Amino acid sequence: MPLDEVQYWSHIAAHELVHIFGLLDMYPSDPGRHRRSDPPAGTRWIHSQLGAMGMKAYFPAPAKDPRLAYEWLRPDGSRYGDYYYGIAEAFEMLAWSRWQLGWLKEPQVRCWIESEATLTLGPIAAPGDRIAMAAIPLSETEMIVIESRRKLGYDTYHRDLTWDQLCPGREREPCLVTGKPALLDEGVLVYTVDSDLGEGDLPLKVAGDTGDGQVPDYPFLTRGQSVTIRGYTVTVESATQTTHTITITNTTP
């Protein structure tokens, strides 16, 4: 079996194995729930898949967005640039899934209920002794989860693709192989969890997703950016090579 097929099936095997441990699919059982309208002029929808269980988000990007750039490698060793418009798959396990599996120690999880807080997050793939998951409870079954994602672990993964896999039906160019983007931009991921919702009913949604899977941009906050969800504003105040420092503010009266 070709190497790219082995690597692809290893992802599927990991996904199915974790089902045995109790994790649910995070993509909709009815694909119509993620039916997309026409993207803004000059852009196209990019499919971002997050975590091993398939949380999805679709964001508009211009045709030559640098985050989608990659290189073709010819058999003679020469290279040329191009852009990938398929699935940007950041496969590293989400903080919520890690907590469900018991992979996070108590000091690595911070549950926040005050009016304002400043927290420093370590990357979810290698948090060490730092906070790996910040959680804001909204009700008995709902919460906001915040995590830091870096190009570490499976978020650095670039699966090799043959020409036929990347461009099916197009005129063949001999033996071209490339790597596809995984995590397009390092940053802070914010999403909601509703444990009352079952498999296929979107128990997890990226912040800004109203249920159709669409978000304004790639759903990772970088320094200076913020998102407000359910009365809470999460802002990335600063970043180092290994941490993101965030503030959480309750904006409700």
# chains A, B, ... in the order shown; residues from 1 in each chain; ligands from 1

$ residues_around --residues "Tyr58 in chain A" --least-positions-apart "4" --cutoff "9 Å" --atoms "only C-alpha atoms" --output "list in words"
His34, Arg36, Trp45, Ile46, His47, Ser48, Gln49, Asp212, Gly213, Gln214, Val215, Pro216, Asp217, Tyr218 and Pro219 of chain A

$ residues_around --residues "Lys105 in chain A" --least-positions-apart "6" --cutoff "12 Å" --atoms "only C-alpha atoms" --output "PyMOL selection string"
chain A and resi 95+98-99+127-133

$ residues_around --residues "Thr233 in chain A" --least-positions-apart "6" --cutoff "9 Å" --atoms "only C-alpha atoms" --output "ChimeraX atom specification"
/A:226-227,247-251

$ write_last_selection --atoms "C-alpha atoms" --output "PDB file, in the first residue's frame"
ATOM      1  CA  SER A 226     -11.002  38.624  20.154  1.00  0.00           C
ATOM      2  CA  VAL A 227     -14.351  36.895  19.913  1.00  0.00           C
ATOM      3  CA  THR A 247      -8.188  37.656  28.935  1.00  0.00           C
ATOM      4  CA  ILE A 248     -11.773  36.571  29.528  1.00  0.00           C
ATOM      5  CA  THR A 249     -14.328  39.294  30.252  1.00  0.00           C
ATOM      6  CA  ASN A 250     -17.964  38.868  31.179  1.00  0.00           C
ATOM      7  CA  THR A 251     -19.725  41.476  29.026  1.00  0.00           C
TER       8      THR A 251
END

$ select_by_dssp --residues "range 16-179 of chain A" --states "helix (DSSP H, G or I)" --output "PyMOL selection string"
chain A and resi 16-20+31-34+66-68+95-101+106-108+153-156+163-166

$ atom_distance --atom1 "CA of Leu101 in chain A" --atom2 "CA of Glu186 in chain A"
24.3 Å

$ atom_distance --atom1 "CA of Pro181 in chain A" --atom2 "CA of Phe59 in chain A"
15.1 Å

$ closest_residue --among "A:Asp209, A:Asp155, A:Asp76, A:Glu142" --to "Leu94 in chain A" --atoms "only C-alpha atoms"
A:Asp155

$ select_by_dssp --residues "range 106-148 of chain A" --states "strand (DSSP E or B)" --output "list of chain:residue names"
A:Val109, A:Arg110, A:Cys111, A:Glu116, A:Ala117, A:Thr118, A:Leu119, A:Thr120, A:Leu121, A:Pro123, A:Ile131, A:Met133, A:Ala134, A:Ala135, A:Ile136, A:Pro137, A:Glu142, A:Met143, A:Ile144, A:Val145, A:Ile146, A:Glu147, A:Ser148

$ residues_around --residues "Val188 in chain A" --least-positions-apart "4" --cutoff "7 Å" --atoms "only C-alpha atoms" --output "ChimeraX atom specification"
/A:146-149,220-222

$ atom_distance --atom1 "CA of Ala57 in chain A" --atom2 "CA of Gly42 in chain A"
19.2 Å

$ closest_residue --among "A:Gly231, A:Gly54, A:Pro66, A:Pro123" --to "Leu189 in chain A" --atoms "only C-alpha atoms"
A:Pro123

$ residues_around --residues "Leu68 in chain A" --least-positions-apart "6" --cutoff "8 Å" --atoms "only C-alpha atoms" --output "list in words"
Tyr83, Tyr84, Tyr85, Pro181 and Leu184 of chain A

$ write_last_selection --atoms "N, CA and C atoms" --output "tab-separated table (two decimals), in the first residue's frame"
chain	number	residue	atom	x	y	z
A	83	TYR	N	-1.56	26.43	-4.50
A	83	TYR	CA	-2.46	26.66	-3.36
A	83	TYR	C	-3.41	25.49	-3.25
A	84	TYR	N	-3.68	25.07	-2.02
A	84	TYR	CA	-4.52	23.91	-1.76
A	84	TYR	C	-5.89	24.36	-1.27
A	85	TYR	N	-6.95	23.87	-1.91
A	85	TYR	CA	-8.31	24.29	-1.57
A	85	TYR	C	-9.17	23.13	-1.07
A	181	PRO	N	-1.62	21.53	3.59
A	181	PRO	CA	-1.62	22.24	4.87
A	181	PRO	C	-2.42	21.51	5.94
A	184	LEU	N	-3.43	25.91	9.67
A	184	LEU	CA	-3.07	27.01	8.77
A	184	LEU	C	-2.45	28.18	9.50

$ closest_atom_pairs --of "range 111-140 of chain A" --to "range 239-244 of chain A" --cutoff "6 Å" --atoms "only C-alpha atoms" --output "JSON lines"
{"residue": "A:Thr120", "atom": "CA", "partner": "A:His244", "partner_atom": "CA", "distance": 5.7}
{"residue": "A:Leu121", "atom": "CA", "partner": "A:His244", "partner_atom": "CA", "distance": 5.3}
{"residue": "A:Gly122", "atom": "CA", "partner": "A:Thr243", "partner_atom": "CA", "distance": 4.9}

$ residues_around --residues "Thr156 in chain A" --least-positions-apart "3" --cutoff "9 Å" --atoms "only C-alpha atoms" --output "PyMOL selection string"
chain A and resi 90-92+150-153+181-183

$ write_last_selection --atoms "N, CA and C atoms" --output "PDB file, in the first residue's frame"
ATOM      1  N   ALA A  90      -6.514  19.832  10.846  1.00  0.00           N
ATOM      2  CA  ALA A  90      -5.680  19.935  12.044  1.00  0.00           C
ATOM      3  C   ALA A  90      -6.127  18.811  12.985  1.00  0.00           C
ATOM      4  N   PHE A  91      -5.426  17.684  12.943  1.00  0.00           N
ATOM      5  CA  PHE A  91      -5.922  16.428  13.523  1.00  0.00           C
ATOM      6  C   PHE A  91      -5.648  16.304  15.018  1.00  0.00           C
ATOM      7  N   GLU A  92      -4.856  17.186  15.597  1.00  0.00           N
ATOM      8  CA  GLU A  92      -4.527  17.073  17.019  1.00  0.00           C
ATOM      9  C   GLU A  92      -5.798  17.094  17.871  1.00  0.00           C
ATOM     10  N   ARG A 150      -0.701  24.995  18.353  1.00  0.00           N
ATOM     11  CA  ARG A 150       0.551  25.305  17.681  1.00  0.00           C
ATOM     12  C   ARG A 150       0.842  24.228  16.642  1.00  0.00           C
ATOM     13  N   LYS A 151       1.793  24.485  15.775  1.00  0.00           N
ATOM     14  CA  LYS A 151       2.171  23.497  14.772  1.00  0.00           C
ATOM     15  C   LYS A 151       3.065  22.446  15.420  1.00  0.00           C
ATOM     16  N   LEU A 152       2.412  21.657  16.272  1.00  0.00           N
ATOM     17  CA  LEU A 152       3.057  20.583  17.014  1.00  0.00           C
ATOM     18  C   LEU A 152       2.221  19.320  16.855  1.00  0.00           C
ATOM     19  N   GLY A 153       2.847  18.168  17.066  1.00  0.00           N
ATOM     20  CA  GLY A 153       2.104  16.926  17.007  1.00  0.00           C
ATOM     21  C   GLY A 153       1.421  16.746  15.665  1.00  0.00           C
ATOM     22  N   PRO A 181      -1.620  21.527   3.590  1.00  0.00           N
ATOM     23  CA  PRO A 181      -1.616  22.241   4.865  1.00  0.00           C
ATOM     24  C   PRO A 181      -2.417  21.509   5.937  1.00  0.00           C
ATOM     25  N   ALA A 182      -2.004  21.648   7.179  1.00  0.00           N
ATOM     26  CA  ALA A 182      -2.739  21.081   8.317  1.00  0.00           C
ATOM     27  C   ALA A 182      -3.296  22.251   9.128  1.00  0.00           C
ATOM     28  N   LEU A 183      -2.598  22.669  10.175  1.00  0.00           N
ATOM     29  CA  LEU A 183      -2.979  23.882  10.914  1.00  0.00           C
ATOM     30  C   LEU A 183      -2.499  25.087  10.104  1.00  0.00           C
TER      31      LEU A 183
END

$ closest_residue --among "A:Met143, A:Ala126, A:Leu24, A:Ala207" --to "Ile113 in chain A" --atoms "only C-alpha atoms"
A:Met143

$ closest_residue --among "A:Pro31, A:Ser139, A:Met93, A:Gly102" --to "Ala125 in chain A" --atoms "only C-alpha atoms"
A:Met93

$ closest_residue --among "A:Asp82, A:Asp194, A:Asp201, A:Glu237" --to "Gly32 in chain A" --atoms "only C-alpha atoms"
A:Asp201

$ closest_residue --among "A:Leu50, A:Gln225, A:Val109, A:Pro40" --to "Tyr191 in chain A" --atoms "only C-alpha atoms"
A:Leu50

$ decode --residues "range 21-41 of chain A" --atoms "N, CA and C atoms" --output "mmCIF file, in the first residue's frame"
data_model
loop_
_atom_site.group_PDB
_atom_site.id
_atom_site.type_symbol
_atom_site.label_atom_id
_atom_site.label_comp_id
_atom_site.auth_asym_id
_atom_site.auth_seq_id
_atom_site.Cartn_x
_atom_site.Cartn_y
_atom_site.Cartn_z
ATOM 1 N N PHE A 21 -13.752 4.420 23.089
ATOM 2 C CA PHE A 21 -13.568 5.056 24.392
ATOM 3 C C PHE A 21 -14.694 6.023 24.732
ATOM 4 N N GLY A 22 -15.664 6.181 23.827
ATOM 5 C CA GLY A 22 -16.852 6.959 24.147
ATOM 6 C C GLY A 22 -16.983 8.310 23.479
ATOM 7 N N LEU A 23 -16.019 8.712 22.647
ATOM 8 C CA LEU A 23 -16.128 10.021 22.012
ATOM 9 C C LEU A 23 -17.091 9.979 20.824
ATOM 10 N N LEU A 24 -17.820 11.079 20.616
ATOM 11 C CA LEU A 24 -18.825 11.166 19.566
ATOM 12 C C LEU A 24 -18.258 11.831 18.316
ATOM 13 N N ASP A 25 -18.877 11.529 17.170
ATOM 14 C CA ASP A 25 -18.593 12.302 15.964
ATOM 15 C C ASP A 25 -19.063 13.734 16.167
ATOM 16 N N MET A 26 -18.277 14.668 15.669
ATOM 17 C CA MET A 26 -18.610 16.083 15.834
ATOM 18 C C MET A 26 -19.089 16.734 14.542
ATOM 19 N N TYR A 27 -19.220 15.952 13.482
ATOM 20 C CA TYR A 27 -19.756 16.477 12.228
ATOM 21 C C TYR A 27 -21.244 16.139 12.152
ATOM 22 N N PRO A 28 -22.033 16.870 11.358
ATOM 23 C CA PRO A 28 -23.485 16.650 11.344
ATOM 24 C C PRO A 28 -23.860 15.355 10.649
ATOM 25 N N SER A 29 -24.816 14.628 11.214
ATOM 26 C CA SER A 29 -25.310 13.422 10.549
ATOM 27 C C SER A 29 -26.105 13.782 9.301
ATOM 28 N N ASP A 30 -26.686 14.984 9.287
ATOM 29 C CA ASP A 30 -27.390 15.494 8.109
ATOM 30 C C ASP A 30 -26.493 16.529 7.435
ATOM 31 N N PRO A 31 -25.843 16.185 6.310
ATOM 32 C CA PRO A 31 -24.936 17.146 5.663
ATOM 33 C C PRO A 31 -25.611 18.456 5.302
ATOM 34 N N GLY A 32 -26.952 18.458 5.171
ATOM 35 C CA GLY A 32 -27.655 19.682 4.829
ATOM 36 C C GLY A 32 -27.517 20.765 5.880
ATOM 37 N N ARG A 33 -27.185 20.382 7.110
ATOM 38 C CA ARG A 33 -27.006 21.382 8.161
ATOM 39 C C ARG A 33 -25.796 22.271 7.884
ATOM 40 N N HIS A 34 -24.875 21.785 7.066
ATOM 41 C CA HIS A 34 -23.707 22.571 6.701
ATOM 42 C C HIS A 34 -23.760 22.996 5.235
ATOM 43 N N ARG A 35 -24.963 23.190 4.739
ATOM 44 C CA ARG A 35 -25.107 23.700 3.376
ATOM 45 C C ARG A 35 -24.707 25.165 3.357
ATOM 46 N N ARG A 36 -23.809 25.512 2.453
ATOM 47 C CA ARG A 36 -23.232 26.851 2.464
ATOM 48 C C ARG A 36 -23.832 27.729 1.370
ATOM 49 N N SER A 37 -23.976 28.995 1.703
ATOM 50 C CA SER A 37 -24.393 29.984 0.722
ATOM 51 C C SER A 37 -23.195 30.353 -0.142
ATOM 52 N N ASP A 38 -23.415 31.206 -1.128
ATOM 53 C CA ASP A 38 -22.294 31.656 -1.956
ATOM 54 C C ASP A 38 -21.313 32.443 -1.095
ATOM 55 N N PRO A 39 -20.020 32.228 -1.272
ATOM 56 C CA PRO A 39 -19.040 32.974 -0.472
ATOM 57 C C PRO A 39 -18.980 34.429 -0.929
ATOM 58 N N PRO A 40 -18.405 35.304 -0.102
ATOM 59 C CA PRO A 40 -18.229 36.697 -0.529
ATOM 60 C C PRO A 40 -17.443 36.774 -1.837
ATOM 61 N N ALA A 41 -17.663 37.815 -2.592
ATOM 62 C CA ALA A 41 -17.001 37.982 -3.890
ATOM 63 C C ALA A 41 -15.482 37.883 -3.752
#
